[in-house]
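S.K.: Sharing a structure below in structure tokens format, with a few things to ask.
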Amino acid sequence: MKVTIIEYPGSFAIKELQELLNNSLGLSAATIWHNEQELPETDLVILPSGASFGDYLRPGAFARISPMTRLVRNHAQSGGKVIGIGNGFQILTELGLLPGMFHESLGDTRINEMAHLVAATTGRFFSTPFPENQVMRVPVNAKFGRYVLDTREVNSLRDRDCIAFYYTDADGNRSSSEDIFGCTNSIAAVYNQTHSILGIMAHPERALDPLMGSVDGRLFFTSI
Amino acid sequence: MKVVVGIRTQDSIPNPVGESLAERLRESGYTEVKQARVGQLIELELDGADETSIKTRIERISKSLIMHPNTETFEILAVIDDE
């Protein structure tokens, strides 16, 4: 599987992500700078985490008008798969490819705490159905991690089976106290209507090796 | 010419910073405060003298970058001819 990672000024740990995808998962991942004019043929685009353009104006706002972002939008609109992780999720909402927006996280910045996520639906995004009730323990780290939606958007996501993951406790139970960012309905990740785009604020890419404290992110990537 | 653009979240979208601000004001004794919503004020200085074309331009700028497409609205609050 060919993966293209888009690098913006302020993207974090791109080389590590690329190496992990290549070495730990055996994918063929390459990185491309946001100002490039051509998106190589690819099965999956990853918009990575970080603070593109210093989070100025809003997280992900400035990335919206990069040439590569426009090409990713075309790729996405013609059915190509895209994952936005952290800041990448914020960029996808800035493009209007996913609903909602992000506010400052409830409480402190929450640097590298572990969150527990459970799939709300096995999701057509994944070629191997994501296991139901499987708790995925992965790091979170976001200043602007509070995903905010209005009631109409929540209902629309629910009706179309587009809520990908909820934040839960360690046993996979949902309760608002376990949602460390204060997101609407503890929604942790969503799909677009056709399940070809996925936005997730937590970091499965930082849970691929025992040295990272969890290998649950493997489940996420190997299901794709 | 200077243009002042106001960006605010749509009424249906929760505005946590505004909610906290209103709560803090009430706690401080300003009990008459019922609600607060926090947005952004952006001042742009542009070349050009024709107000109509500048407003069209500002609309495009706002929609392409300044406002969040899912949740925010923009409003031109003032056009100041400073020449």
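Just so we're on the same page: first chain in the structure tokens is A, next is B, and so on; residues restart at 1 for each chain, and ligands are numbered from 1 in the order they show up.
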Any idea which chain A residues end up within 8 Å of chain B if we count only C-alpha atoms, as JSON, numbers by chain please?

M.R.: {"A": [57, 61, 62, 64, 65, 93, 94, 95, 96, 99, 100, 101, 103, 148, 149, 150, 151]}

S.K.: Those same residues - C-alpha atoms - I'd like them written as a PDB file, in the first residue's frame.

M.R.:
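Final file, out_25.pdb:
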```
ATOM      1  CA  LEU A  57      -5.822  31.943  13.359  1.00  0.00           C
ATOM      2  CA  ALA A  61      -6.509  27.171   8.988  1.00  0.00           C
ATOM      3  CA  PHE A  62      -3.402  28.289   7.090  1.00  0.00           C
ATOM      4  CA  ARG A  64      -6.103  25.016   3.963  1.00  0.00           C
ATOM      5  CA  ILE A  65      -4.658  27.089   1.115  1.00  0.00           C
ATOM      6  CA  THR A  93     -12.610  20.173   9.224  1.00  0.00           C
ATOM      7  CA  GLU A  94     -11.067  23.373   7.839  1.00  0.00           C
ATOM      8  CA  LEU A  95     -11.573  21.944   4.365  1.00  0.00           C
ATOM      9  CA  GLY A  96     -15.184  21.093   5.163  1.00  0.00           C
ATOM     10  CA  PRO A  99     -17.907  18.340  10.148  1.00  0.00           C
ATOM     11  CA  GLY A 100     -17.344  20.368  13.299  1.00  0.00           C
ATOM     12  CA  MET A 101     -14.392  22.341  14.600  1.00  0.00           C
ATOM     13  CA  HIS A 103     -11.723  24.460  20.547  1.00  0.00           C
ATOM     14  CA  VAL A 148     -17.313  20.558  18.978  1.00  0.00           C
ATOM     15  CA  LEU A 149     -20.424  19.739  16.954  1.00  0.00           C
ATOM     16  CA  ASP A 150     -23.974  20.980  17.089  1.00  0.00           C
ATOM     17  CA  THR A 151     -26.930  18.651  17.626  1.00  0.00           C
TER      18      THR A 151
END
```

S.K.: How would you write, as a ChimeraX atom specification, the set of residues in stretch 137-215 of chain A that DSSP gives as alpha helix (DSSP H)?

M.R.: /A:151-159

S.K.: With C-alpha atoms retained, write the just-selected residues as a PDB file, in the first residue's frame.

M.R.:
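Now in out-v6.pdb:
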```pdb
ATOM      1  CA  THR A 151     -26.930  18.651  17.626  1.00  0.00           C
ATOM      2  CA  ARG A 152     -27.801  18.535  13.941  1.00  0.00           C
ATOM      3  CA  GLU A 153     -24.259  17.407  13.050  1.00  0.00           C
ATOM      4  CA  VAL A 154     -24.205  14.768  15.795  1.00  0.00           C
ATOM      5  CA  ASN A 155     -27.529  13.363  14.607  1.00  0.00           C
ATOM      6  CA  SER A 156     -26.333  13.378  11.016  1.00  0.00           C
ATOM      7  CA  LEU A 157     -23.125  11.535  11.946  1.00  0.00           C
ATOM      8  CA  ARG A 158     -25.065   9.001  13.978  1.00  0.00           C
ATOM      9  CA  ASP A 159     -27.721   8.451  11.311  1.00  0.00           C
TER      10      ASP A 159
END
```

S.K.: Find the spatial neighbours of stretch 29-33 of chain B, counting only C-alpha atoms, within a cut-off of 12 Å - ignore same-chain residues fewer than 6 positions away - and output them as a compact mmCIF listing (two decimals) with all heavy atoms, in the first residue's frame.

M.R.:
```txt
# COMPACT_ATOMS: atom_id res chain seq x y z
N GLY B 18 -16.85 31.47 25.43
CA GLY B 18 -17.89 32.43 25.77
C GLY B 18 -18.66 32.00 27.01
O GLY B 18 -18.97 32.81 27.89
N GLU B 19 -18.96 30.69 27.09
CA GLU B 19 -19.69 30.18 28.26
C GLU B 19 -18.88 30.40 29.53
O GLU B 19 -19.41 30.83 30.56
CB GLU B 19 -19.99 28.69 28.08
CG GLU B 19 -21.08 28.41 27.05
CD GLU B 19 -21.09 26.96 26.58
OE1 GLU B 19 -20.63 26.07 27.32
OE2 GLU B 19 -21.55 26.72 25.44
N SER B 20 -17.56 30.12 29.45
CA SER B 20 -16.70 30.32 30.62
C SER B 20 -16.63 31.79 30.99
O SER B 20 -16.64 32.15 32.17
CB SER B 20 -15.29 29.80 30.35
OG SER B 20 -15.32 28.44 30.07
N LEU B 21 -16.54 32.65 29.98
CA LEU B 21 -16.46 34.09 30.23
C LEU B 21 -17.72 34.58 30.95
O LEU B 21 -17.64 35.30 31.95
CB LEU B 21 -16.27 34.83 28.90
CG LEU B 21 -16.32 36.36 28.97
CD1 LEU B 21 -15.18 36.92 29.82
CD2 LEU B 21 -16.25 36.95 27.56
N ALA B 22 -18.88 34.16 30.44
CA ALA B 22 -20.14 34.60 31.06
C ALA B 22 -20.22 34.12 32.51
O ALA B 22 -20.61 34.87 33.41
CB ALA B 22 -21.32 34.06 30.26
N GLU B 23 -19.79 32.88 32.73
CA GLU B 23 -19.84 32.31 34.08
C GLU B 23 -18.92 33.09 35.03
O GLU B 23 -19.28 33.43 36.14
CB GLU B 23 -19.41 30.84 34.01
CG GLU B 23 -19.76 30.04 35.25
CD GLU B 23 -19.29 28.60 35.10
OE1 GLU B 23 -19.46 28.04 34.01
OE2 GLU B 23 -18.76 28.07 36.08
```

S.K.: Looking at B:Val5, B:Ala78, B:Ala36, B:Ala49, which one is nearest to B:Ser62, with distances taken over only C-alpha atoms?

M.R.: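 Under the stated criterion, the closest residue is B:Val5.
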
S.K.: In chain B, what's strand (DSSP E or B) per DSSP? Answer as a short mmCIF file (atom, residue, chain, number, x, y, z; two decimals) with C-alpha atoms, in the first residue's frame?

M.R.:
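Resulting contents of result-v3.cif:
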```
data_model
loop_
_atom_site.label_atom_id
_atom_site.label_comp_id
_atom_site.auth_asym_id
_atom_site.auth_seq_id
_atom_site.Cartn_x
_atom_site.Cartn_y
_atom_site.Cartn_z
CA LYS B 2 -9.19 49.43 5.92
CA VAL B 3 -11.80 46.77 6.45
CA VAL B 4 -12.79 45.35 9.82
CA VAL B 5 -14.13 41.79 9.67
CA GLY B 6 -15.84 40.06 12.56
CA ILE B 7 -15.75 36.27 12.81
CA ARG B 8 -18.19 34.48 15.09
CA THR B 9 -19.33 30.91 15.60
CA GLN B 40 -12.33 37.28 16.40
CA LEU B 41 -11.89 40.76 15.00
CA ILE B 42 -9.63 41.09 11.97
CA GLU B 43 -8.49 44.36 10.45
CA LEU B 44 -7.26 44.22 6.87
CA GLU B 45 -5.61 47.04 4.98
CA GLU B 72 -18.34 30.26 11.61
CA THR B 73 -19.84 33.28 9.92
CA PHE B 74 -18.19 36.54 8.94
CA GLU B 75 -19.47 40.07 8.86
CA ILE B 76 -17.89 43.23 7.48
CA LEU B 77 -18.19 45.54 10.47
CA ALA B 78 -16.59 48.65 8.99
CA VAL B 79 -14.99 49.93 5.80
CA ILE B 80 -12.70 52.87 6.53
#
```

S.K.: Quick check, in Å to one decimal: how far apart do atom CA of A:Ile200 and atom CA of A:Tyr167 lie?

M.R.: 11.0 Å

S.K.: Which residue gives the smallest distance to A:Val190 among A:Ile83, A:Val140, A:Leu211, A:Val135, with only C-alpha atoms counted?

M.R.: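 That would be A:Ile83, the residue with the smallest distance to A:Val190.
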